[in-house]
$ cat target.cif   # mmCIF, C-alpha atoms
data_data
#
loop_
_atom_site.label_atom_id
_atom_site.label_comp_id
_atom_site.auth_asym_id
_atom_site.auth_seq_id
_atom_site.Cartn_x
_atom_site.Cartn_y
_atom_site.Cartn_z
CA GLN L 223 0.00 0.00 0.00
CA VAL L 224 0.99 3.57 -0.61
CA TYR L 225 1.43 5.74 2.46
CA LEU L 226 2.15 9.45 2.52
CA ARG L 227 2.62 11.11 5.89
CA GLU L 228 3.06 14.83 6.32
CA SER L 229 4.70 16.51 9.28
CA GLY L 230 6.09 19.88 10.29
CA GLY L 231 3.00 22.04 10.40
CA GLY L 232 2.20 24.40 13.23
CA LEU L 233 1.46 27.94 14.30
CA VAL L 234 3.84 30.65 13.11
CA GLN L 235 3.79 34.42 13.06
CA PRO L 236 3.68 36.34 9.77
CA GLY L 237 7.14 36.49 8.30
CA GLY L 238 8.15 33.24 9.94
CA SER L 239 9.25 29.95 8.42
CA LEU L 240 8.23 26.32 8.52
CA ARG L 241 9.57 23.21 6.86
CA LEU L 242 7.10 20.50 5.93
CA SER L 243 8.08 16.93 5.26
CA CYS L 244 6.28 14.04 3.60
CA ALA L 245 7.49 10.51 4.17
CA ALA L 246 6.46 8.11 1.42
CA SER L 247 6.30 4.33 1.35
CA GLY L 248 4.84 1.70 -0.94
CA ILE L 249 6.01 3.37 -4.14
CA ASN L 250 9.22 3.61 -6.13
CA PHE L 251 9.58 7.14 -4.86
CA LYS L 252 12.39 8.27 -7.13
CA ILE L 253 10.41 7.86 -10.36
CA HIS L 254 7.31 9.79 -9.32
CA THR L 255 6.43 13.44 -9.52
CA MET L 256 5.54 14.60 -6.02
CA ASN L 257 3.21 17.45 -5.20
CA TRP L 258 2.18 19.71 -2.35
CA PHE L 259 -1.41 20.90 -2.26
CA ARG L 260 -3.16 23.07 0.30
CA GLN L 261 -6.75 23.72 1.25
CA SER L 262 -8.20 26.42 3.45
CA PRO L 263 -11.78 26.54 4.74
CA GLY L 264 -14.26 27.39 2.00
CA ASN L 265 -11.71 27.03 -0.76
CA GLU L 266 -10.81 24.30 -3.20
CA ARG L 267 -7.63 22.35 -2.83
CA GLU L 268 -4.89 24.09 -4.80
CA LEU L 269 -1.53 22.95 -6.12
CA VAL L 270 1.31 24.72 -4.35
CA ALA L 271 4.44 22.98 -5.62
CA SER L 272 5.59 20.05 -7.72
CA ILE L 273 8.88 18.30 -8.21
CA THR L 274 9.54 15.77 -10.96
CA SER L 275 11.71 12.68 -10.81
CA ASP L 276 14.63 14.62 -12.29
CA GLY L 277 14.27 17.43 -9.77
CA SER L 278 12.52 20.01 -11.92
CA THR L 279 10.25 22.17 -9.80
CA ASN L 280 7.17 24.24 -10.31
CA LEU L 281 5.64 26.63 -7.80
CA ALA L 282 2.33 28.46 -7.69
CA ASP L 283 2.68 32.17 -8.40
CA SER L 284 1.44 32.98 -4.91
CA VAL L 285 4.42 31.26 -3.28
CA LYS L 286 7.24 31.90 -5.75
CA GLY L 287 10.22 33.47 -4.07
CA ARG L 288 9.05 32.27 -0.64
CA PHE L 289 8.62 28.49 -0.88
CA ALA L 290 11.00 25.81 -2.12
CA VAL L 291 10.17 22.18 -2.83
CA GLY L 292 12.77 19.45 -2.55
CA ARG L 293 13.15 15.72 -2.41
CA ASN L 294 15.55 13.17 -0.96
CA ASN L 295 15.18 9.99 -2.99
CA ALA L 296 17.46 8.02 -0.68
CA ARG L 297 15.07 8.69 2.20
CA ASN L 298 11.79 8.72 0.23
CA LEU L 299 11.22 12.20 1.58
CA LEU L 300 9.49 15.23 0.08
CA THR L 301 9.98 18.64 1.65
CA LEU L 302 8.51 22.12 1.43
CA GLN L 303 10.51 24.98 2.87
CA MET L 304 8.19 27.91 3.53
CA ASN L 305 9.66 31.33 4.28
CA ASN L 306 8.11 34.75 4.81
CA LEU L 307 4.80 33.14 5.61
CA LYS L 308 1.63 35.17 5.29
CA PRO L 309 -1.81 34.76 6.85
CA ASP L 310 -3.11 33.71 3.41
CA ASP L 311 -0.82 30.68 3.60
CA THR L 312 -2.96 29.29 6.42
CA ALA L 313 -4.28 25.94 5.24
CA VAL L 314 -4.00 22.21 5.57
CA TYR L 315 -1.06 21.09 3.43
CA TYR L 316 -1.23 17.74 1.67
CA CYS L 317 1.36 15.56 0.02
CA ASN L 318 0.23 13.91 -3.23
CA THR L 319 1.45 11.65 -5.95
CA ARG L 320 -0.03 9.67 -8.79
CA ALA L 321 1.04 6.06 -9.01
CA ARG L 322 -0.38 2.94 -10.67
CA GLY L 323 -3.11 5.08 -12.25
CA SER L 324 -4.40 6.44 -8.95
CA ASP L 325 -3.96 9.56 -6.86
CA PHE L 326 -2.63 9.12 -3.35
CA TRP L 327 -2.89 11.65 -0.54
CA GLY L 328 -1.58 12.06 2.94
CA ARG L 329 -3.81 13.16 5.81
CA GLY L 330 -2.40 16.65 5.78
CA THR L 331 -0.68 18.93 8.24
CA GLN L 332 -2.13 22.19 9.49
CA VAL L 333 -0.23 25.42 8.93
CA THR L 334 -1.56 28.50 10.69
CA VAL L 335 0.00 31.91 10.15
CA SER L 336 -1.22 34.38 12.71
CA ALA L 337 0.05 37.07 15.03
#
$ encode --input "target.cif" --output "structure tokens"
Amino acid sequence: QVYLRESGGGLVQPGGSLRLSCAASGINFKIHTMNWFRQSPGNERELVASITSDGSTNLADSVKGRFAVGRNNARNLLTLQMNNLKPDDTAVYYCNTRARGSDFWGRGTQVTVSA
């Protein structure tokens, strides 16, 4: 079975930083594009960042210059470094990948940006 487990969320003041991690198992991690999504109350889930198997990255315009996505294939680990956080970044952050024709999701980790 495929398992994705996020960690690293929490409460941070505006301008602060957090580093999210997603531990993956049950897939050949190194060959899959990995994604970070987020969802805030009343809004649809949105794609925040992606990283392909060769390390190419893509970030949503709203987080460019502040967030960085990375991966450690030896540890089956996906990361999201979030700097200069804003209240609008408050959301549940989810790790996602598509494997064997299906989408897989973690349970999410809450990020709250508030003074």
$ resolve_selection --input "target.cif" --expression "the PyMOL selection byres ((chain L and resi 270-272) around 12)" --output "VMD selection string"
chain L and resid 254 to 261 267 to 269 273 to 286 288 to 293 300 to 304 311 313 to 320
$ write_last_selection --input "target.cif" --atoms "C-alpha atoms" --output "PDB file, keeping the file's coordinate frame"
ATOM      1  CA  HIS L 254       7.310   9.790  -9.320  1.00  0.00           C
ATOM      2  CA  THR L 255       6.430  13.440  -9.520  1.00  0.00           C
ATOM      3  CA  MET L 256       5.540  14.600  -6.020  1.00  0.00           C
ATOM      4  CA  ASN L 257       3.210  17.450  -5.200  1.00  0.00           C
ATOM      5  CA  TRP L 258       2.180  19.710  -2.350  1.00  0.00           C
ATOM      6  CA  PHE L 259      -1.410  20.900  -2.260  1.00  0.00           C
ATOM      7  CA  ARG L 260      -3.160  23.070   0.300  1.00  0.00           C
ATOM      8  CA  GLN L 261      -6.750  23.720   1.250  1.00  0.00           C
ATOM      9  CA  ARG L 267      -7.630  22.350  -2.830  1.00  0.00           C
ATOM     10  CA  GLU L 268      -4.890  24.090  -4.800  1.00  0.00           C
ATOM     11  CA  LEU L 269      -1.530  22.950  -6.120  1.00  0.00           C
ATOM     12  CA  ILE L 273       8.880  18.300  -8.210  1.00  0.00           C
ATOM     13  CA  THR L 274       9.540  15.770 -10.960  1.00  0.00           C
ATOM     14  CA  SER L 275      11.710  12.680 -10.810  1.00  0.00           C
ATOM     15  CA  ASP L 276      14.630  14.620 -12.290  1.00  0.00           C
ATOM     16  CA  GLY L 277      14.270  17.430  -9.770  1.00  0.00           C
ATOM     17  CA  SER L 278      12.520  20.010 -11.920  1.00  0.00           C
ATOM     18  CA  THR L 279      10.250  22.170  -9.800  1.00  0.00           C
ATOM     19  CA  ASN L 280       7.170  24.240 -10.310  1.00  0.00           C
ATOM     20  CA  LEU L 281       5.640  26.630  -7.800  1.00  0.00           C
ATOM     21  CA  ALA L 282       2.330  28.460  -7.690  1.00  0.00           C
ATOM     22  CA  ASP L 283       2.680  32.170  -8.400  1.00  0.00           C
ATOM     23  CA  SER L 284       1.440  32.980  -4.910  1.00  0.00           C
ATOM     24  CA  VAL L 285       4.420  31.260  -3.280  1.00  0.00           C
ATOM     25  CA  LYS L 286       7.240  31.900  -5.750  1.00  0.00           C
ATOM     26  CA  ARG L 288       9.050  32.270  -0.640  1.00  0.00           C
ATOM     27  CA  PHE L 289       8.620  28.490  -0.880  1.00  0.00           C
ATOM     28  CA  ALA L 290      11.000  25.810  -2.120  1.00  0.00           C
ATOM     29  CA  VAL L 291      10.170  22.180  -2.830  1.00  0.00           C
ATOM     30  CA  GLY L 292      12.770  19.450  -2.550  1.00  0.00           C
ATOM     31  CA  ARG L 293      13.150  15.720  -2.410  1.00  0.00           C
ATOM     32  CA  LEU L 300       9.490  15.230   0.080  1.00  0.00           C
ATOM     33  CA  THR L 301       9.980  18.640   1.650  1.00  0.00           C
ATOM     34  CA  LEU L 302       8.510  22.120   1.430  1.00  0.00           C
ATOM     35  CA  GLN L 303      10.510  24.980   2.870  1.00  0.00           C
ATOM     36  CA  MET L 304       8.190  27.910   3.530  1.00  0.00           C
ATOM     37  CA  ASP L 311      -0.820  30.680   3.600  1.00  0.00           C
ATOM     38  CA  ALA L 313      -4.280  25.940   5.240  1.00  0.00           C
ATOM     39  CA  VAL L 314      -4.000  22.210   5.570  1.00  0.00           C
ATOM     40  CA  TYR L 315      -1.060  21.090   3.430  1.00  0.00           C
ATOM     41  CA  TYR L 316      -1.230  17.740   1.670  1.00  0.00           C
ATOM     42  CA  CYS L 317       1.360  15.560   0.020  1.00  0.00           C
ATOM     43  CA  ASN L 318       0.230  13.910  -3.230  1.00  0.00           C
ATOM     44  CA  THR L 319       1.450  11.650  -5.950  1.00  0.00           C
ATOM     45  CA  ARG L 320      -0.030   9.670  -8.790  1.00  0.00           C
TER      46      ARG L 320
END
$ atom_distance --input "target.cif" --atom1 "atom CA of Cys244 of chain L" --atom2 "atom CA of Asp325 of chain L"
15.3 Å
$ atom_distance --input "target.cif" --atom1 "atom CA of Gly230 of chain L" --atom2 "atom CA of Thr334 of chain L"
11.5 Å
$ build_atoms --input "target.cif" --residues "segment 302-313 of chain L" --atoms "all heavy atoms" --output "PDB file, keeping the file's coordinate frame"
ATOM      1  N   LEU L 302       8.970  20.802   1.869  1.00  0.00           N
ATOM      2  CA  LEU L 302       8.510  22.120   1.430  1.00  0.00           C
ATOM      3  C   LEU L 302       9.020  23.135   2.445  1.00  0.00           C
ATOM      4  O   LEU L 302       8.562  23.161   3.584  1.00  0.00           O
ATOM      5  CB  LEU L 302       6.986  22.179   1.333  1.00  0.00           C
ATOM      6  CG  LEU L 302       6.426  23.489   0.768  1.00  0.00           C
ATOM      7  CD1 LEU L 302       6.791  23.621  -0.716  1.00  0.00           C
ATOM      8  CD2 LEU L 302       4.904  23.538   0.930  1.00  0.00           C
ATOM      9  N   GLN L 303       9.990  23.917   2.034  1.00  0.00           N
ATOM     10  CA  GLN L 303      10.510  24.980   2.870  1.00  0.00           C
ATOM     11  C   GLN L 303       9.682  26.231   2.604  1.00  0.00           C
ATOM     12  O   GLN L 303       9.592  26.682   1.465  1.00  0.00           O
ATOM     13  CB  GLN L 303      11.980  25.254   2.559  1.00  0.00           C
ATOM     14  CG  GLN L 303      12.596  26.385   3.350  1.00  0.00           C
ATOM     15  CD  GLN L 303      12.665  26.082   4.827  1.00  0.00           C
ATOM     16  OE1 GLN L 303      13.026  24.981   5.238  1.00  0.00           O
ATOM     17  NE2 GLN L 303      12.324  27.076   5.660  1.00  0.00           N
ATOM     18  N   MET L 304       9.080  26.759   3.664  1.00  0.00           N
ATOM     19  CA  MET L 304       8.190  27.910   3.530  1.00  0.00           C
ATOM     20  C   MET L 304       8.757  29.067   4.340  1.00  0.00           C
ATOM     21  O   MET L 304       8.888  28.976   5.561  1.00  0.00           O
ATOM     22  CB  MET L 304       6.786  27.539   4.029  1.00  0.00           C
ATOM     23  CG  MET L 304       6.211  26.313   3.352  1.00  0.00           C
ATOM     24  SD  MET L 304       4.494  25.999   3.811  1.00  0.00           S
ATOM     25  CE  MET L 304       4.668  25.651   5.549  1.00  0.00           C
ATOM     26  N   ASN L 305       9.094  30.139   3.645  1.00  0.00           N
ATOM     27  CA  ASN L 305       9.660  31.330   4.280  1.00  0.00           C
ATOM     28  C   ASN L 305       8.724  32.508   4.083  1.00  0.00           C
ATOM     29  O   ASN L 305       7.865  32.503   3.195  1.00  0.00           O
ATOM     30  CB  ASN L 305      11.028  31.644   3.689  1.00  0.00           C
ATOM     31  CG  ASN L 305      12.029  30.532   3.891  1.00  0.00           C
ATOM     32  OD1 ASN L 305      12.032  29.858   4.920  1.00  0.00           O
ATOM     33  ND2 ASN L 305      12.877  30.321   2.910  1.00  0.00           N
ATOM     34  N   ASN L 306       8.918  33.536   4.905  1.00  0.00           N
ATOM     35  CA  ASN L 306       8.110  34.750   4.810  1.00  0.00           C
ATOM     36  C   ASN L 306       6.620  34.410   4.727  1.00  0.00           C
ATOM     37  O   ASN L 306       5.908  34.898   3.833  1.00  0.00           O
ATOM     38  CB  ASN L 306       8.549  35.582   3.608  1.00  0.00           C
ATOM     39  CG  ASN L 306       7.933  36.968   3.608  1.00  0.00           C
ATOM     40  OD1 ASN L 306       7.495  37.470   4.640  1.00  0.00           O
ATOM     41  ND2 ASN L 306       7.878  37.580   2.443  1.00  0.00           N
ATOM     42  N   LEU L 307       6.186  33.601   5.632  1.00  0.00           N
ATOM     43  CA  LEU L 307       4.800  33.140   5.610  1.00  0.00           C
ATOM     44  C   LEU L 307       3.819  34.277   5.851  1.00  0.00           C
ATOM     45  O   LEU L 307       4.102  35.230   6.608  1.00  0.00           O
ATOM     46  CB  LEU L 307       4.598  32.037   6.645  1.00  0.00           C
ATOM     47  CG  LEU L 307       5.135  30.675   6.203  1.00  0.00           C
ATOM     48  CD1 LEU L 307       5.384  29.766   7.398  1.00  0.00           C
ATOM     49  CD2 LEU L 307       4.179  30.023   5.218  1.00  0.00           C
ATOM     50  N   LYS L 308       2.675  34.172   5.203  1.00  0.00           N
ATOM     51  CA  LYS L 308       1.630  35.170   5.290  1.00  0.00           C
ATOM     52  C   LYS L 308       0.347  34.534   5.819  1.00  0.00           C
ATOM     53  O   LYS L 308       0.160  33.324   5.676  1.00  0.00           O
ATOM     54  CB  LYS L 308       1.369  35.759   3.896  1.00  0.00           C
ATOM     55  CG  LYS L 308       2.590  36.352   3.230  1.00  0.00           C
ATOM     56  CD  LYS L 308       2.263  36.822   1.823  1.00  0.00           C
ATOM     57  CE  LYS L 308       3.491  37.412   1.147  1.00  0.00           C
ATOM     58  NZ  LYS L 308       3.193  37.884  -0.230  1.00  0.00           N
ATOM     59  N   PRO L 309      -0.546  35.329   6.377  1.00  0.00           N
ATOM     60  CA  PRO L 309      -1.810  34.760   6.850  1.00  0.00           C
ATOM     61  C   PRO L 309      -2.562  33.986   5.760  1.00  0.00           C
ATOM     62  O   PRO L 309      -3.220  32.982   6.058  1.00  0.00           O
ATOM     63  CB  PRO L 309      -2.586  35.994   7.311  1.00  0.00           C
ATOM     64  CG  PRO L 309      -1.528  36.951   7.751  1.00  0.00           C
ATOM     65  CD  PRO L 309      -0.380  36.735   6.783  1.00  0.00           C
ATOM     66  N   ASP L 310      -2.443  34.417   4.508  1.00  0.00           N
ATOM     67  CA  ASP L 310      -3.110  33.710   3.410  1.00  0.00           C
ATOM     68  C   ASP L 310      -2.537  32.317   3.165  1.00  0.00           C
ATOM     69  O   ASP L 310      -3.136  31.533   2.430  1.00  0.00           O
ATOM     70  CB  ASP L 310      -3.022  34.524   2.113  1.00  0.00           C
ATOM     71  CG  ASP L 310      -3.988  35.698   2.102  1.00  0.00           C
ATOM     72  OD1 ASP L 310      -4.847  35.766   3.009  1.00  0.00           O
ATOM     73  OD2 ASP L 310      -3.885  36.538   1.197  1.00  0.00           O
ATOM     74  N   ASP L 311      -1.396  32.024   3.734  1.00  0.00           N
ATOM     75  CA  ASP L 311      -0.820  30.680   3.600  1.00  0.00           C
ATOM     76  C   ASP L 311      -1.450  29.687   4.577  1.00  0.00           C
ATOM     77  O   ASP L 311      -1.157  28.487   4.515  1.00  0.00           O
ATOM     78  CB  ASP L 311       0.687  30.718   3.854  1.00  0.00           C
ATOM     79  CG  ASP L 311       1.437  31.543   2.812  1.00  0.00           C
ATOM     80  OD1 ASP L 311       1.094  31.426   1.621  1.00  0.00           O
ATOM     81  OD2 ASP L 311       2.355  32.293   3.198  1.00  0.00           O
ATOM     82  N   THR L 312      -2.287  30.181   5.458  1.00  0.00           N
ATOM     83  CA  THR L 312      -2.960  29.290   6.420  1.00  0.00           C
ATOM     84  C   THR L 312      -3.826  28.278   5.685  1.00  0.00           C
ATOM     85  O   THR L 312      -4.681  28.650   4.876  1.00  0.00           O
ATOM     86  CB  THR L 312      -3.815  30.117   7.392  1.00  0.00           C
ATOM     87  OG1 THR L 312      -2.967  30.956   8.179  1.00  0.00           O
ATOM     88  CG2 THR L 312      -4.622  29.212   8.305  1.00  0.00           C
ATOM     89  N   ALA L 313      -3.569  27.018   5.937  1.00  0.00           N
ATOM     90  CA  ALA L 313      -4.280  25.940   5.240  1.00  0.00           C
ATOM     91  C   ALA L 313      -3.812  24.608   5.789  1.00  0.00           C
ATOM     92  O   ALA L 313      -2.823  24.540   6.531  1.00  0.00           O
ATOM     93  CB  ALA L 313      -4.015  26.005   3.740  1.00  0.00           C
TER      94      ALA L 313
END
